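To keep things clear, I will list the structure first and then write my remarks on it.
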Amino acid sequence: MRILPALPALALLLAGCGEAGEPDPAPVEQTPTAAQAGPVPFTLVLPGPESTDPAALLEYWKGAVEAGDTDAARRAWRKEVRTGGTAPRWANLTGITVAIQDGEQEGAAGSLYYTVPVALYGTSIDNLAVELTGTMTLRRANDVPGADADQLSWRIASIDWDG
């Protein structure tokens, strides 16, 4: 009878069948959704004097505002304005989107100006839809001798909000 030596091995195999104590499957890593991950970090670089198109500064400011990066948005302003301690009108809004229309450029006394309609859409702390509209004016020195890099760069000179 050759079956006898195989019986102990068969008994061990059968002993493990039907037990409820099976090992747990490996945990599955979940990628957070956009809502769980939080705001996307703002990574654009502030345009300098080599950028002669005002659209570059507008894109920078729009990205900073939509990312909620108040410090980056403040750097888009002219040096004499950006040191102000007041919070921007949009500081308490969430889910901000910015719309920038086509603007108009003109020159005067060694400076270039670019005026453009802007609108911000967001949600207030009271969960109400908010729309801010106005006119933004950008300014840069027009290759004036002795002007520094900040003066030769497009920067926000003002935003005149409606209402």
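How things are named: the first chain in the structure tokens is A, the next is B, and so on; residues count from 1 in each chain; ligands count from 1 in the order shown.
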Next on the checklist: So that I can see what lies close to Lys62 (chain A), please list as a list in words the residues with an atom at most 9 Å from it, counting only C-alpha atoms and leaving out residues fewer than 5 positions away in the same chain.
Outcome noted: Leu57, Ala67, Ala73, Thr97, Val98, Ala99 and Ile100 of chain A
Item to check | Closest of A:Ser51, A:Thr94, A:Asn127, A:Ser158 to Glu66 (chain A) - atom-to-atom distances counting only C-alpha atoms | outcome: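 Nearest candidate to Glu66 (chain A) out of A:Ser51, A:Thr94, A:Asn127, A:Ser158: A:Thr94.
Nearest to Ser124 (chain A) of all the residues A:Thr137, A:Asn92, A:Gln101, A:Gln151 is A:Asn92, counting only C-alpha atoms.
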Checklist entry - Using only C-alpha atoms, which of the listed residues (A:Ala147, A:Leu93, A:Leu128, A:Ala76) sits closest to Ile159 (chain A)? => result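 Looking only at the distances to Ile159 (chain A), the closest residue turns out to be A:Ala76.
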